file start.pdb (PDB, C-alpha atoms and all ligand atoms)
ATOM      1  CA  MET A   1      90.819-101.032 -73.320  1.00  0.00           C
ATOM      2  CA  LYS A   2      91.136 -97.595 -71.861  1.00  0.00           C
ATOM      3  CA  ILE A   3      88.453 -94.963 -72.341  1.00  0.00           C
ATOM      4  CA  PHE A   4      89.399 -91.308 -72.630  1.00  0.00           C
ATOM      5  CA  VAL A   5      86.866 -88.506 -72.859  1.00  0.00           C
ATOM      6  CA  ASP A   6      87.258 -86.100 -75.753  1.00  0.00           C
ATOM      7  CA  THR A   7      86.215 -82.820 -74.166  1.00  0.00           C
ATOM      8  CA  ALA A   8      87.384 -79.668 -72.422  1.00  0.00           C
ATOM      9  CA  ASP A   9      84.115 -79.346 -70.497  1.00  0.00           C
ATOM     10  CA  LEU A  10      84.913 -79.642 -66.782  1.00  0.00           C
ATOM     11  CA  LYS A  11      81.352 -80.531 -65.808  1.00  0.00           C
ATOM     12  CA  GLU A  12      81.418 -83.522 -68.148  1.00  0.00           C
ATOM     13  CA  ILE A  13      84.939 -84.506 -67.039  1.00  0.00           C
ATOM     14  CA  ARG A  14      83.884 -84.487 -63.383  1.00  0.00           C
ATOM     15  CA  ARG A  15      80.691 -86.429 -64.112  1.00  0.00           C
ATOM     16  CA  ALA A  16      82.633 -89.145 -65.963  1.00  0.00           C
ATOM     17  CA  ALA A  17      85.334 -89.237 -63.270  1.00  0.00           C
ATOM     18  CA  LYS A  18      82.677 -89.637 -60.561  1.00  0.00           C
ATOM     19  CA  ALA A  19      81.213 -92.570 -62.495  1.00  0.00           C
ATOM     20  CA  GLY A  20      84.692 -94.126 -62.683  1.00  0.00           C
ATOM     21  CA  LEU A  21      84.435 -94.162 -66.465  1.00  0.00           C
ATOM     22  CA  ILE A  22      87.447 -92.150 -67.447  1.00  0.00           C
ATOM     23  CA  ASP A  23      91.076 -93.173 -67.889  1.00  0.00           C
ATOM     24  CA  GLY A  24      92.237 -89.910 -69.469  1.00  0.00           C
ATOM     25  CA  ILE A  25      91.240 -86.828 -71.463  1.00  0.00           C
ATOM     26  CA  THR A  26      91.912 -85.564 -74.941  1.00  0.00           C
ATOM     27  CA  THR A  27      91.336 -81.952 -75.875  1.00  0.00           C
ATOM     28  CA  ASN A  28      91.939 -79.949 -79.006  1.00  0.00           C
ATOM     29  CA  PRO A  29      91.763 -76.230 -79.848  1.00  0.00           C
ATOM     30  CA  SER A  30      88.199 -76.565 -81.201  1.00  0.00           C
ATOM     31  CA  LEU A  31      86.979 -78.192 -77.963  1.00  0.00           C
ATOM     32  CA  LEU A  32      88.752 -75.563 -75.847  1.00  0.00           C
ATOM     33  CA  SER A  33      87.270 -72.714 -77.860  1.00  0.00           C
ATOM     34  CA  LYS A  34      83.779 -73.924 -76.866  1.00  0.00           C
ATOM     35  CA  VAL A  35      84.390 -73.671 -73.104  1.00  0.00           C
ATOM     36  CA  LEU A  36      86.980 -70.946 -72.632  1.00  0.00           C
ATOM     37  CA  GLY A  37      84.654 -67.932 -72.196  1.00  0.00           C
ATOM     38  CA  ASP A  38      86.541 -65.201 -70.349  1.00  0.00           C
ATOM     39  CA  ARG A  39      88.823 -67.576 -68.414  1.00  0.00           C
ATOM     40  CA  SER A  40      92.540 -67.582 -69.162  1.00  0.00           C
ATOM     41  CA  LEU A  41      93.726 -70.514 -71.262  1.00  0.00           C
ATOM     42  CA  ALA A  42      96.389 -71.386 -68.658  1.00  0.00           C
ATOM     43  CA  ASP A  43      93.790 -71.630 -65.856  1.00  0.00           C
ATOM     44  CA  CYS A  44      91.482 -73.676 -68.004  1.00  0.00           C
ATOM     45  CA  LEU A  45      94.212 -76.172 -68.960  1.00  0.00           C
ATOM     46  CA  LYS A  46      95.364 -76.532 -65.358  1.00  0.00           C
ATOM     47  CA  GLU A  47      91.826 -77.219 -64.154  1.00  0.00           C
ATOM     48  CA  ILE A  48      91.367 -79.908 -66.783  1.00  0.00           C
ATOM     49  CA  ALA A  49      94.704 -81.566 -65.972  1.00  0.00           C
ATOM     50  CA  ASP A  50      93.876 -81.576 -62.256  1.00  0.00           C
ATOM     51  CA  ALA A  51      90.384 -82.996 -62.740  1.00  0.00           C
ATOM     52  CA  VAL A  52      91.498 -86.434 -63.869  1.00  0.00           C
ATOM     53  CA  ASP A  53      93.816 -89.117 -62.670  1.00  0.00           C
ATOM     54  CA  GLY A  54      95.306 -90.139 -66.021  1.00  0.00           C
ATOM     55  CA  PRO A  55      96.904 -88.698 -69.148  1.00  0.00           C
ATOM     56  CA  VAL A  56      95.512 -85.390 -70.408  1.00  0.00           C
ATOM     57  CA  SER A  57      96.395 -84.483 -73.997  1.00  0.00           C
ATOM     58  CA  LEU A  58      96.867 -80.764 -74.649  1.00  0.00           C
ATOM     59  CA  GLU A  59      97.595 -79.618 -78.191  1.00  0.00           C
ATOM     60  CA  VAL A  60     100.282 -77.244 -79.463  1.00  0.00           C
ATOM     61  CA  LEU A  61      99.264 -74.516 -81.877  1.00  0.00           C
ATOM     62  CA  ALA A  62     102.712 -73.816 -83.318  1.00  0.00           C
ATOM     63  CA  THR A  63     103.293 -75.508 -86.666  1.00  0.00           C
ATOM     64  CA  ASP A  64     107.115 -75.413 -86.848  1.00  0.00           C
ATOM     65  CA  THR A  65     109.335 -77.795 -84.899  1.00  0.00           C
ATOM     66  CA  ASP A  66     110.977 -75.216 -82.615  1.00  0.00           C
ATOM     67  CA  GLY A  67     107.645 -73.605 -81.814  1.00  0.00           C
ATOM     68  CA  MET A  68     106.037 -76.983 -81.082  1.00  0.00           C
ATOM     69  CA  VAL A  69     108.904 -78.016 -78.825  1.00  0.00           C
ATOM     70  CA  ALA A  70     108.797 -74.718 -76.916  1.00  0.00           C
ATOM     71  CA  GLN A  71     105.019 -74.856 -76.532  1.00  0.00           C
ATOM     72  CA  GLY A  72     105.185 -78.548 -75.702  1.00  0.00           C
ATOM     73  CA  ARG A  73     107.587 -77.863 -72.827  1.00  0.00           C
ATOM     74  CA  GLU A  74     105.245 -75.158 -71.510  1.00  0.00           C
ATOM     75  CA  LEU A  75     102.208 -77.450 -71.691  1.00  0.00           C
ATOM     76  CA  ALA A  76     104.102 -80.293 -70.033  1.00  0.00           C
ATOM     77  CA  SER A  77     105.011 -77.993 -67.137  1.00  0.00           C
ATOM     78  CA  ILE A  78     101.312 -77.481 -66.295  1.00  0.00           C
ATOM     79  CA  ALA A  79     100.992 -80.886 -64.617  1.00  0.00           C
ATOM     80  CA  GLU A  80     102.699 -84.265 -64.553  1.00  0.00           C
ATOM     81  CA  ASN A  81      99.867 -86.005 -66.387  1.00  0.00           C
ATOM     82  CA  VAL A  82     100.011 -83.733 -69.453  1.00  0.00           C
ATOM     83  CA  VAL A  83     100.740 -85.387 -72.786  1.00  0.00           C
ATOM     84  CA  VAL A  84     101.634 -82.997 -75.591  1.00  0.00           C
ATOM     85  CA  LYS A  85      99.623 -83.309 -78.790  1.00  0.00           C
ATOM     86  CA  VAL A  86     101.460 -82.514 -82.009  1.00  0.00           C
ATOM     87  CA  PRO A  87     100.113 -82.852 -85.558  1.00  0.00           C
ATOM     88  CA  LEU A  88     101.289 -85.621 -87.844  1.00  0.00           C
ATOM     89  CA  THR A  89     103.459 -83.436 -90.068  1.00  0.00           C
ATOM     90  CA  GLU A  90     107.182 -83.554 -90.800  1.00  0.00           C
ATOM     91  CA  ASP A  91     107.759 -80.818 -88.204  1.00  0.00           C
ATOM     92  CA  GLY A  92     105.461 -82.587 -85.776  1.00  0.00           C
ATOM     93  CA  LEU A  93     107.414 -85.851 -86.051  1.00  0.00           C
ATOM     94  CA  VAL A  94     110.710 -84.056 -85.376  1.00  0.00           C
ATOM     95  CA  ALA A  95     109.121 -82.268 -82.409  1.00  0.00           C
ATOM     96  CA  CYS A  96     107.789 -85.615 -81.155  1.00  0.00           C
ATOM     97  CA  ARG A  97     111.265 -87.148 -81.191  1.00  0.00           C
ATOM     98  CA  GLN A  98     112.746 -84.118 -79.378  1.00  0.00           C
ATOM     99  CA  LEU A  99     110.061 -83.918 -76.721  1.00  0.00           C
ATOM    100  CA  ARG A 100     110.228 -87.646 -76.168  1.00  0.00           C
ATOM    101  CA  GLY A 101     114.021 -87.283 -75.706  1.00  0.00           C
ATOM    102  CA  GLU A 102     113.275 -84.838 -72.893  1.00  0.00           C
ATOM    103  CA  GLY A 103     110.966 -87.350 -71.224  1.00  0.00           C
ATOM    104  CA  ILE A 104     107.767 -85.616 -72.347  1.00  0.00           C
ATOM    105  CA  GLY A 105     104.958 -87.899 -73.572  1.00  0.00           C
ATOM    106  CA  VAL A 106     103.586 -87.095 -77.013  1.00  0.00           C
ATOM    107  CA  ASN A 107     100.255 -87.844 -78.673  1.00  0.00           C
ATOM    108  CA  VAL A 108     100.659 -87.574 -82.447  1.00  0.00           C
ATOM    109  CA  THR A 109      97.296 -86.399 -83.706  1.00  0.00           C
ATOM    110  CA  LEU A 110      95.515 -85.912 -87.034  1.00  0.00           C
ATOM    111  CA  CYS A 111      96.602 -89.382 -88.213  1.00  0.00           C
ATOM    112  CA  PHE A 112      94.699 -90.642 -91.247  1.00  0.00           C
ATOM    113  CA  SER A 113      96.776 -93.540 -92.589  1.00  0.00           C
ATOM    114  CA  PRO A 114      98.762 -96.582 -91.413  1.00  0.00           C
ATOM    115  CA  SER A 115     101.926 -95.152 -93.003  1.00  0.00           C
ATOM    116  CA  GLN A 116     101.588 -92.013 -90.870  1.00  0.00           C
ATOM    117  CA  ALA A 117     101.029 -94.169 -87.794  1.00  0.00           C
ATOM    118  CA  LEU A 118     104.199 -96.149 -88.542  1.00  0.00           C
ATOM    119  CA  LEU A 119     106.187 -92.891 -88.587  1.00  0.00           C
ATOM    120  CA  ALA A 120     104.606 -91.702 -85.329  1.00  0.00           C
ATOM    121  CA  ALA A 121     105.719 -94.926 -83.645  1.00  0.00           C
ATOM    122  CA  LYS A 122     109.236 -94.584 -85.039  1.00  0.00           C
ATOM    123  CA  ALA A 123     109.323 -91.004 -83.684  1.00  0.00           C
ATOM    124  CA  GLY A 124     108.613 -92.389 -80.212  1.00  0.00           C
ATOM    125  CA  ALA A 125     105.005 -91.251 -79.762  1.00  0.00           C
ATOM    126  CA  ARG A 126     103.292 -92.450 -76.600  1.00  0.00           C
ATOM    127  CA  PHE A 127      99.928 -92.315 -78.408  1.00  0.00           C
ATOM    128  CA  VAL A 128      98.908 -92.089 -82.044  1.00  0.00           C
ATOM    129  CA  SER A 129      95.427 -90.740 -82.805  1.00  0.00           C
ATOM    130  CA  PRO A 130      93.794 -92.073 -85.986  1.00  0.00           C
ATOM    131  CA  PHE A 131      90.667 -89.966 -86.704  1.00  0.00           C
ATOM    132  CA  ILE A 132      88.048 -92.563 -87.582  1.00  0.00           C
ATOM    133  CA  GLY A 133      84.943 -90.385 -87.983  1.00  0.00           C
ATOM    134  CA  ARG A 134      86.646 -87.874 -90.252  1.00  0.00           C
ATOM    135  CA  ILE A 135      87.729 -90.683 -92.583  1.00  0.00           C
ATOM    136  CA  ASP A 136      84.143 -92.011 -92.633  1.00  0.00           C
ATOM    137  CA  ASP A 137      83.025 -88.450 -93.442  1.00  0.00           C
ATOM    138  CA  ILE A 138      84.814 -88.619 -96.783  1.00  0.00           C
ATOM    139  CA  SER A 139      83.255 -91.986 -97.617  1.00  0.00           C
ATOM    140  CA  HIS A 140      86.224 -94.170 -96.717  1.00  0.00           C
ATOM    141  CA  GLU A 141      86.094 -96.869 -94.099  1.00  0.00           C
ATOM    142  CA  GLY A 142      87.829 -95.254 -91.100  1.00  0.00           C
ATOM    143  CA  MET A 143      87.940 -98.293 -88.878  1.00  0.00           C
ATOM    144  CA  GLY A 144      90.046-100.240 -91.404  1.00  0.00           C
ATOM    145  CA  ILE A 145      93.132 -98.274 -90.448  1.00  0.00           C
ATOM    146  CA  ILE A 146      92.864 -99.395 -86.825  1.00  0.00           C
ATOM    147  CA  SER A 147      93.380-103.033 -87.782  1.00  0.00           C
ATOM    148  CA  GLN A 148      96.212-102.136 -90.162  1.00  0.00           C
ATOM    149  CA  ILE A 149      97.987-100.058 -87.510  1.00  0.00           C
ATOM    150  CA  ARG A 150      97.454-102.834 -84.937  1.00  0.00           C
ATOM    151  CA  GLU A 151      99.070-105.365 -87.269  1.00  0.00           C
ATOM    152  CA  ILE A 152     102.021-103.102 -88.072  1.00  0.00           C
ATOM    153  CA  TYR A 153     102.667-102.253 -84.414  1.00  0.00           C
ATOM    154  CA  ASP A 154     102.412-105.908 -83.398  1.00  0.00           C
ATOM    155  CA  ASN A 155     104.750-106.996 -86.220  1.00  0.00           C
ATOM    156  CA  TYR A 156     107.534-104.825 -84.840  1.00  0.00           C
ATOM    157  CA  GLY A 157     106.693-104.570 -81.157  1.00  0.00           C
ATOM    158  CA  PHE A 158     106.103-100.804 -81.204  1.00  0.00           C
ATOM    159  CA  GLU A 159     104.912 -99.608 -77.819  1.00  0.00           C
ATOM    160  CA  THR A 160     102.984 -96.589 -79.118  1.00  0.00           C
ATOM    161  CA  GLU A 161      99.359 -96.948 -78.031  1.00  0.00           C
ATOM    162  CA  ILE A 162      96.607 -96.724 -80.635  1.00  0.00           C
ATOM    163  CA  LEU A 163      94.129 -94.084 -79.493  1.00  0.00           C
ATOM    164  CA  ALA A 164      91.065 -94.307 -81.732  1.00  0.00           C
ATOM    165  CA  ALA A 165      89.746 -90.738 -82.095  1.00  0.00           C
ATOM    166  CA  SER A 166      86.986 -88.836 -83.874  1.00  0.00           C
ATOM    167  CA  ILE A 167      84.507 -91.357 -82.492  1.00  0.00           C
ATOM    168  CA  ARG A 168      80.911 -90.619 -83.458  1.00  0.00           C
ATOM    169  CA  HIS A 169      78.755 -93.419 -82.006  1.00  0.00           C
ATOM    170  CA  PRO A 170      78.833 -96.511 -79.750  1.00  0.00           C
ATOM    171  CA  LEU A 171      79.433 -98.890 -82.651  1.00  0.00           C
ATOM    172  CA  HIS A 172      82.728 -97.129 -83.352  1.00  0.00           C
ATOM    173  CA  VAL A 173      83.756 -97.955 -79.767  1.00  0.00           C
ATOM    174  CA  VAL A 174      82.806-101.607 -80.103  1.00  0.00           C
ATOM    175  CA  GLU A 175      84.591-101.947 -83.445  1.00  0.00           C
ATOM    176  CA  ALA A 176      87.735-100.231 -82.136  1.00  0.00           C
ATOM    177  CA  ALA A 177      87.721-102.619 -79.155  1.00  0.00           C
ATOM    178  CA  LEU A 178      87.287-105.677 -81.388  1.00  0.00           C
ATOM    179  CA  LEU A 179      90.168-104.553 -83.583  1.00  0.00           C
ATOM    180  CA  GLY A 180      92.510-104.089 -80.651  1.00  0.00           C
ATOM    181  CA  ALA A 181      92.762-100.304 -80.244  1.00  0.00           C
ATOM    182  CA  ASP A 182      94.443 -99.594 -76.899  1.00  0.00           C
ATOM    183  CA  ILE A 183      92.256 -96.593 -76.160  1.00  0.00           C
ATOM    184  CA  VAL A 184      89.161 -94.882 -77.536  1.00  0.00           C
ATOM    185  CA  THR A 185      88.509 -91.232 -76.882  1.00  0.00           C
ATOM    186  CA  VAL A 186      84.805 -90.510 -76.886  1.00  0.00           C
ATOM    187  CA  PRO A 187      82.792 -87.307 -76.754  1.00  0.00           C
ATOM    188  CA  PRO A 188      80.652 -87.206 -73.556  1.00  0.00           C
ATOM    189  CA  GLU A 189      77.418 -87.817 -75.490  1.00  0.00           C
ATOM    190  CA  VAL A 190      78.847 -91.076 -76.870  1.00  0.00           C
ATOM    191  CA  LEU A 191      80.116 -92.093 -73.422  1.00  0.00           C
ATOM    192  CA  TRP A 192      76.604 -91.814 -71.953  1.00  0.00           C
ATOM    193  CA  LYS A 193      75.132 -93.644 -74.943  1.00  0.00           C
ATOM    194  CA  LEU A 194      77.452 -96.561 -74.095  1.00  0.00           C
ATOM    195  CA  VAL A 195      75.720 -96.844 -70.717  1.00  0.00           C
ATOM    196  CA  ASN A 196      72.136 -96.717 -71.931  1.00  0.00           C
ATOM    197  CA  HIS A 197      69.998 -99.491 -73.333  1.00  0.00           C
ATOM    198  CA  PRO A 198      66.195 -99.345 -73.654  1.00  0.00           C
ATOM    199  CA  LEU A 199      65.866-102.973 -72.495  1.00  0.00           C
ATOM    200  CA  THR A 200      67.781-102.126 -69.312  1.00  0.00           C
ATOM    201  CA  ASP A 201      65.320 -99.283 -68.617  1.00  0.00           C
ATOM    202  CA  ARG A 202      62.300-101.439 -69.411  1.00  0.00           C
ATOM    203  CA  GLY A 203      63.624-104.350 -67.336  1.00  0.00           C
ATOM    204  CA  LEU A 204      64.293-102.125 -64.363  1.00  0.00           C
ATOM    205  CA  GLU A 205      60.823-100.591 -64.550  1.00  0.00           C
ATOM    206  CA  ARG A 206      59.279-104.056 -64.537  1.00  0.00           C
ATOM    207  CA  PHE A 207      61.324-105.226 -61.524  1.00  0.00           C
ATOM    208  CA  ILE A 208      60.308-102.126 -59.552  1.00  0.00           C
ATOM    209  CA  GLU A 209      56.671-102.544 -60.548  1.00  0.00           C
ATOM    210  CA  ASP A 210      56.628-106.221 -59.509  1.00  0.00           C
ATOM    211  CA  ALA A 211      58.325-105.415 -56.190  1.00  0.00           C
ATOM    212  CA  ARG A 212      55.765-102.698 -55.547  1.00  0.00           C
ATOM    213  CA  LYS A 213      52.881-105.080 -56.264  1.00  0.00           C
ATOM    214  CA  ALA A 214      54.306-107.493 -53.704  1.00  0.00           C
ATOM    215  CA  ASP A 215      54.671-104.652 -51.149  1.00  0.00           C
ATOM    216  CA  ILE A 216      58.446-105.019 -51.039  1.00  0.00           C
ATOM    217  CA  GLU A 217      59.996-101.862 -49.659  1.00  0.00           C
ATOM    218  CA  ILE A 218      61.909 -99.875 -52.306  1.00  0.00           C
ATOM    219  CA  PRO A 219      64.728 -97.691 -50.939  1.00  0.00           C
ATOM    220  CA  THR A 220      64.696 -94.086 -52.163  1.00  0.00           C
ATOM    221  CA  ARG A 221      67.621 -91.688 -52.510  1.00  0.00           C
ATOM    222  CA  GLU A 222      66.355 -89.911 -49.348  1.00  0.00           C
ATOM    223  CA  SER A 223      66.187 -93.128 -47.312  1.00  0.00           C
ATOM    224  CA  ALA A 224      69.744 -94.063 -48.410  1.00  0.00           C
ATOM    225  CA  GLU A 225      71.048 -90.650 -47.325  1.00  0.00           C
ATOM    226  CA  ALA A 226      69.260 -90.714 -43.957  1.00  0.00           C
TER     227      ALA A 226
HETATM  228  C1  LIG B 301      91.168 -86.394 -80.732  1.00  0.00           C
HETATM  229  O1  LIG B 301      92.044 -86.268 -79.905  1.00  0.00           O
HETATM  230  C2  LIG B 301      90.356 -85.296 -81.273  1.00  0.00           C
HETATM  231  O2  LIG B 301      90.174 -84.333 -80.255  1.00  0.00           O
HETATM  232  C3  LIG B 301      88.975 -85.700 -81.689  1.00  0.00           C
HETATM  233  O3  LIG B 301      88.700 -87.044 -81.469  1.00  0.00           O
HETATM  234  C4  LIG B 301      88.490 -85.090 -82.946  1.00  0.00           C
HETATM  235  O4  LIG B 301      87.186 -85.533 -83.216  1.00  0.00           O
HETATM  236  P1  LIG B 301      86.207 -84.842 -84.254  1.00  0.00           P
HETATM  237  O5  LIG B 301      86.520 -85.351 -85.619  1.00  0.00           O
HETATM  238  O6  LIG B 301      84.841 -85.252 -83.809  1.00  0.00           O
HETATM  239  O7  LIG B 301      86.432 -83.358 -84.138  1.00  0.00           O
END
call {"tool": "encode", "arguments": {"input": "start.pdb", "output": "structure tokens"}}
result
Amino acid sequence: MKIFVDTADLKEIRRAAKAGLIDGITTNPSLLSKVLGDRSLADCLKEIADAVDGPVSLEVLATDTDGMVAQGRELASIAENVVVKVPLTEDGLVACRQLRGEGIGVNVTLCFSPSQALLAAKAGARFVSPFIGRIDDISHEGMGIISQIREIYDNYGFETEILAASIRHPLHVVEAALLGADIVTVPPEVLWKLVNHPLTDRGLERFIEDARKADIEIPTRESAEA
């Protein structure tokens, strides 16, 4: 399963890339609004696309088909790894089909049901993004749609990849993996939570302590750099 990071924060993108933990990026207008400051949007998007070796989803803001297609072409021209995000609306599905016809990869976002996901696949989406956490937020079981979409796609051999989005905690990642999502996109704080376990920390402390007691030399960062 591929792991994307759901952020527009370059520091976090670079940290995850350095750790080898990132197969792609998803952004959205809300995430961009948090990091833009006084930089131009074009510069910001280019920097993000260049920071990772993998697909980078950038979202259109137009809501009509022609506007989405025009903006999608512009976004796709930023870098080869850009995937254009369009909303799962009637106009978005038409835009998806058109962009796909021009060889531009599309991530159909704001998907909340298996029926919507079926249409995204038929429109030729490269990725479909079911928003798990937002479904949980309204007291429905978000993860259920991942297994339904998986079954539908497998029944018909659709190649659209299921990109589980709106991920709130590590258990969402594990469940999405068990249900066969192709990708999860995780906020940086969830990514780092995937790494950590208190028993790992405690175990490591004990190993170091025991080595110290036995006078075994313990390399430090400084000694490794020397
Ligand atoms: C996906 O591409 C979206 O950017 C994202 O996962 C939305 O998550 P949220 O519901 O936490 O805003």
call {"tool": "axis_aligned_box", "arguments": {"input": "start.pdb", "around": "ligand LIG 301 (chain B)", "padding_each_side": "3 Å", "output": "lines of an AutoDock Vina configuration file"}}
result
center_x = 88.4
center_y = -85.2
center_z = -82.8
size_x = 13.2
size_y = 9.7
size_z = 11.7
call {"tool": "closest_atom_pairs", "arguments": {"input": "start.pdb", "of": "chain A", "to": "ligand LIG 301 (chain B)", "cutoff": "10 Å", "atoms": "only C-alpha atoms and all ligand atoms", "output": "tab-separated table"}}
result
residue	atom	partner	partner_atom	distance
A:Phe4	CA	B:LIG301	O1	9.2
A:Val5	CA	B:LIG301	O3	8.9
A:Asp6	CA	B:LIG301	O2	5.6
A:Thr7	CA	B:LIG301	O2	7.4
A:Ala8	CA	B:LIG301	O2	9.5
A:Ile25	CA	B:LIG301	O1	8.5
A:Thr26	CA	B:LIG301	O1	5.0
A:Thr27	CA	B:LIG301	O2	5.1
A:Asn28	CA	B:LIG301	O2	4.9
A:Pro29	CA	B:LIG301	O2	8.3
A:Ser30	CA	B:LIG301	O7	7.6
A:Leu31	CA	B:LIG301	O2	7.3
A:Leu32	CA	B:LIG301	O2	9.9
A:Ser57	CA	B:LIG301	O1	7.6
A:Leu58	CA	B:LIG301	O1	9.0
A:Glu59	CA	B:LIG301	O1	8.8
A:Lys85	CA	B:LIG301	O1	8.2
A:Asn107	CA	B:LIG301	O1	8.5
A:Val108	CA	B:LIG301	O1	9.1
A:Thr109	CA	B:LIG301	O1	6.5
A:Leu110	CA	B:LIG301	C1	7.7
A:Cys111	CA	B:LIG301	C1	9.7
A:Val128	CA	B:LIG301	O1	9.3
A:Ser129	CA	B:LIG301	O1	6.3
A:Pro130	CA	B:LIG301	C1	8.2
A:Phe131	CA	B:LIG301	O5	6.3
A:Ile132	CA	B:LIG301	O5	7.6
A:Gly133	CA	B:LIG301	O5	5.8
A:Arg134	CA	B:LIG301	O5	5.3
A:Ile135	CA	B:LIG301	O5	8.9
A:Asp136	CA	B:LIG301	O5	10.0
A:Asp137	CA	B:LIG301	O5	9.1
A:Leu163	CA	B:LIG301	O1	8.1
A:Ala164	CA	B:LIG301	O3	7.6
A:Ala165	CA	B:LIG301	O3	3.9
A:Ser166	CA	B:LIG301	O4	3.4
A:Ile167	CA	B:LIG301	O3	6.1
A:Arg168	CA	B:LIG301	O6	6.7
A:Val184	CA	B:LIG301	O3	8.8
A:Thr185	CA	B:LIG301	O3	6.2
A:Val186	CA	B:LIG301	O3	6.9
A:Pro187	CA	B:LIG301	O3	7.6
call {"tool": "write_last_selection", "arguments": {"input": "start.pdb", "atoms": "C-alpha atoms", "output": "CSV table (one decimal), keeping the file's coordinate frame"}}
result
chain,number,residue,atom,x,y,z
A,4,PHE,CA,89.4,-91.3,-72.6
A,5,VAL,CA,86.9,-88.5,-72.9
A,6,ASP,CA,87.3,-86.1,-75.8
A,7,THR,CA,86.2,-82.8,-74.2
A,8,ALA,CA,87.4,-79.7,-72.4
A,25,ILE,CA,91.2,-86.8,-71.5
A,26,THR,CA,91.9,-85.6,-74.9
A,27,THR,CA,91.3,-82.0,-75.9
A,28,ASN,CA,91.9,-79.9,-79.0
A,29,PRO,CA,91.8,-76.2,-79.8
A,30,SER,CA,88.2,-76.6,-81.2
A,31,LEU,CA,87.0,-78.2,-78.0
A,32,LEU,CA,88.8,-75.6,-75.8
A,57,SER,CA,96.4,-84.5,-74.0
A,58,LEU,CA,96.9,-80.8,-74.6
A,59,GLU,CA,97.6,-79.6,-78.2
A,85,LYS,CA,99.6,-83.3,-78.8
A,107,ASN,CA,100.3,-87.8,-78.7
A,108,VAL,CA,100.7,-87.6,-82.4
A,109,THR,CA,97.3,-86.4,-83.7
A,110,LEU,CA,95.5,-85.9,-87.0
A,111,CYS,CA,96.6,-89.4,-88.2
A,128,VAL,CA,98.9,-92.1,-82.0
A,129,SER,CA,95.4,-90.7,-82.8
A,130,PRO,CA,93.8,-92.1,-86.0
A,131,PHE,CA,90.7,-90.0,-86.7
A,132,ILE,CA,88.0,-92.6,-87.6
A,133,GLY,CA,84.9,-90.4,-88.0
A,134,ARG,CA,86.6,-87.9,-90.3
A,135,ILE,CA,87.7,-90.7,-92.6
A,136,ASP,CA,84.1,-92.0,-92.6
A,137,ASP,CA,83.0,-88.4,-93.4
A,163,LEU,CA,94.1,-94.1,-79.5
A,164,ALA,CA,91.1,-94.3,-81.7
A,165,ALA,CA,89.7,-90.7,-82.1
A,166,SER,CA,87.0,-88.8,-83.9
A,167,ILE,CA,84.5,-91.4,-82.5
A,168,ARG,CA,80.9,-90.6,-83.5
A,184,VAL,CA,89.2,-94.9,-77.5
A,185,THR,CA,88.5,-91.2,-76.9
A,186,VAL,CA,84.8,-90.5,-76.9
A,187,PRO,CA,82.8,-87.3,-76.8
call {"tool": "resolve_selection", "arguments": {"input": "start.pdb", "expression": "the PyMOL selection byres (((chain A and resi 75) around 9) and not hetatm)", "output": "list in words"}}
result
Ala42, Leu45, Leu58, Glu59, Val60, Ala70, Gln71, Gly72, Arg73, Glu74, Ala76, Ser77, Ile78, Ala79, Val82, Val83 and Val84 of chain A
call {"tool": "residues_around", "arguments": {"input": "start.pdb", "residues": "segment 93-96 of chain A", "least_positions_apart": "2", "cutoff": "10 Å", "atoms": "only C-alpha atoms", "output": "number ranges by chain"}}
result
A: 63-70, 72, 84-91, 98-102, 104-108, 116, 119-126
call {"tool": "atom_distance", "arguments": {"input": "start.pdb", "atom1": "atom CA of Arg212 of chain A", "atom2": "atom CA of Leu199 of chain A"}}
result
19.7 Å
call {"tool": "closest_residue", "arguments": {"input": "start.pdb", "among": "A:Asp43, A:Glu151, A:Glu80, A:Asp210", "to": "Gly103 of chain A", "atoms": "only C-alpha atoms"}}
result
A:Glu80
call {"tool": "atom_distance", "arguments": {"input": "start.pdb", "atom1": "atom CA of Asp23 of chain A", "atom2": "atom CA of Ile3 of chain A"}}
result
5.5 Å
call {"tool": "closest_residue", "arguments": {"input": "start.pdb", "among": "A:Lys11, A:Lys213, A:Thr200, A:Lys18", "to": "Glu47 of chain A", "atoms": "all atoms listed in the file"}}
result
A:Lys11
call {"tool": "closest_residue", "arguments": {"input": "start.pdb", "among": "A:Ala62, A:Ala226, A:Ile13, A:Ile145", "to": "Asp50 of chain A", "atoms": "only C-alpha atoms"}}
result
A:Ile13
call {"tool": "closest_residue", "arguments": {"input": "start.pdb", "among": "A:Met1, A:Leu10, A:Ile48, A:Val56", "to": "Ile162 of chain A", "atoms": "all atoms listed in the file"}}
result
A:Met1
call {"tool": "resolve_selection", "arguments": {"input": "start.pdb", "expression": "the PyMOL selection byres (((chain A and resi 192) around 12) and not hetatm)", "output": "list of chain:residue names"}}
result
A:Val5, A:Glu12, A:Arg15, A:Ala16, A:Ala19, A:Leu21, A:Ile22, A:His169, A:Pro170, A:Val186, A:Pro187, A:Pro188, A:Glu189, A:Val190, A:Leu191, A:Lys193, A:Leu194, A:Val195, A:Asn196, A:His197
call {"tool": "atom_distance", "arguments": {"input": "start.pdb", "atom1": "atom CA of Pro55 of chain A", "atom2": "atom CA of Phe127 of chain A"}}
result
10.4 Å
call {"tool": "decode", "arguments": {"input": "start.pdb", "residues": "segment 206-217 of chain A", "atoms": "C-alpha atoms", "output": "mmCIF file, in the first residue's frame"}}
result
data_model
loop_
_atom_site.group_PDB
_atom_site.id
_atom_site.type_symbol
_atom_site.label_atom_id
_atom_site.label_comp_id
_atom_site.auth_asym_id
_atom_site.auth_seq_id
_atom_site.Cartn_x
_atom_site.Cartn_y
_atom_site.Cartn_z
ATOM 1 C CA ARG A 206 16.483 -0.946 28.435
ATOM 2 C CA PHE A 207 18.920 -2.202 25.767
ATOM 3 C CA ILE A 208 20.995 0.980 26.076
ATOM 4 C CA GLU A 209 20.954 0.775 29.864
ATOM 5 C CA ASP A 210 22.074 -2.878 29.853
ATOM 6 C CA ALA A 211 24.838 -2.136 27.333
ATOM 7 C CA ARG A 212 26.025 0.743 29.489
ATOM 8 C CA LYS A 213 26.120 -1.465 32.592
ATOM 9 C CA ALA A 214 28.308 -3.929 30.708
ATOM 10 C CA ASP A 215 30.610 -1.083 29.551
ATOM 11 C CA ILE A 216 29.781 -1.682 25.897
ATOM 12 C CA GLU A 217 30.639 1.390 23.872
#
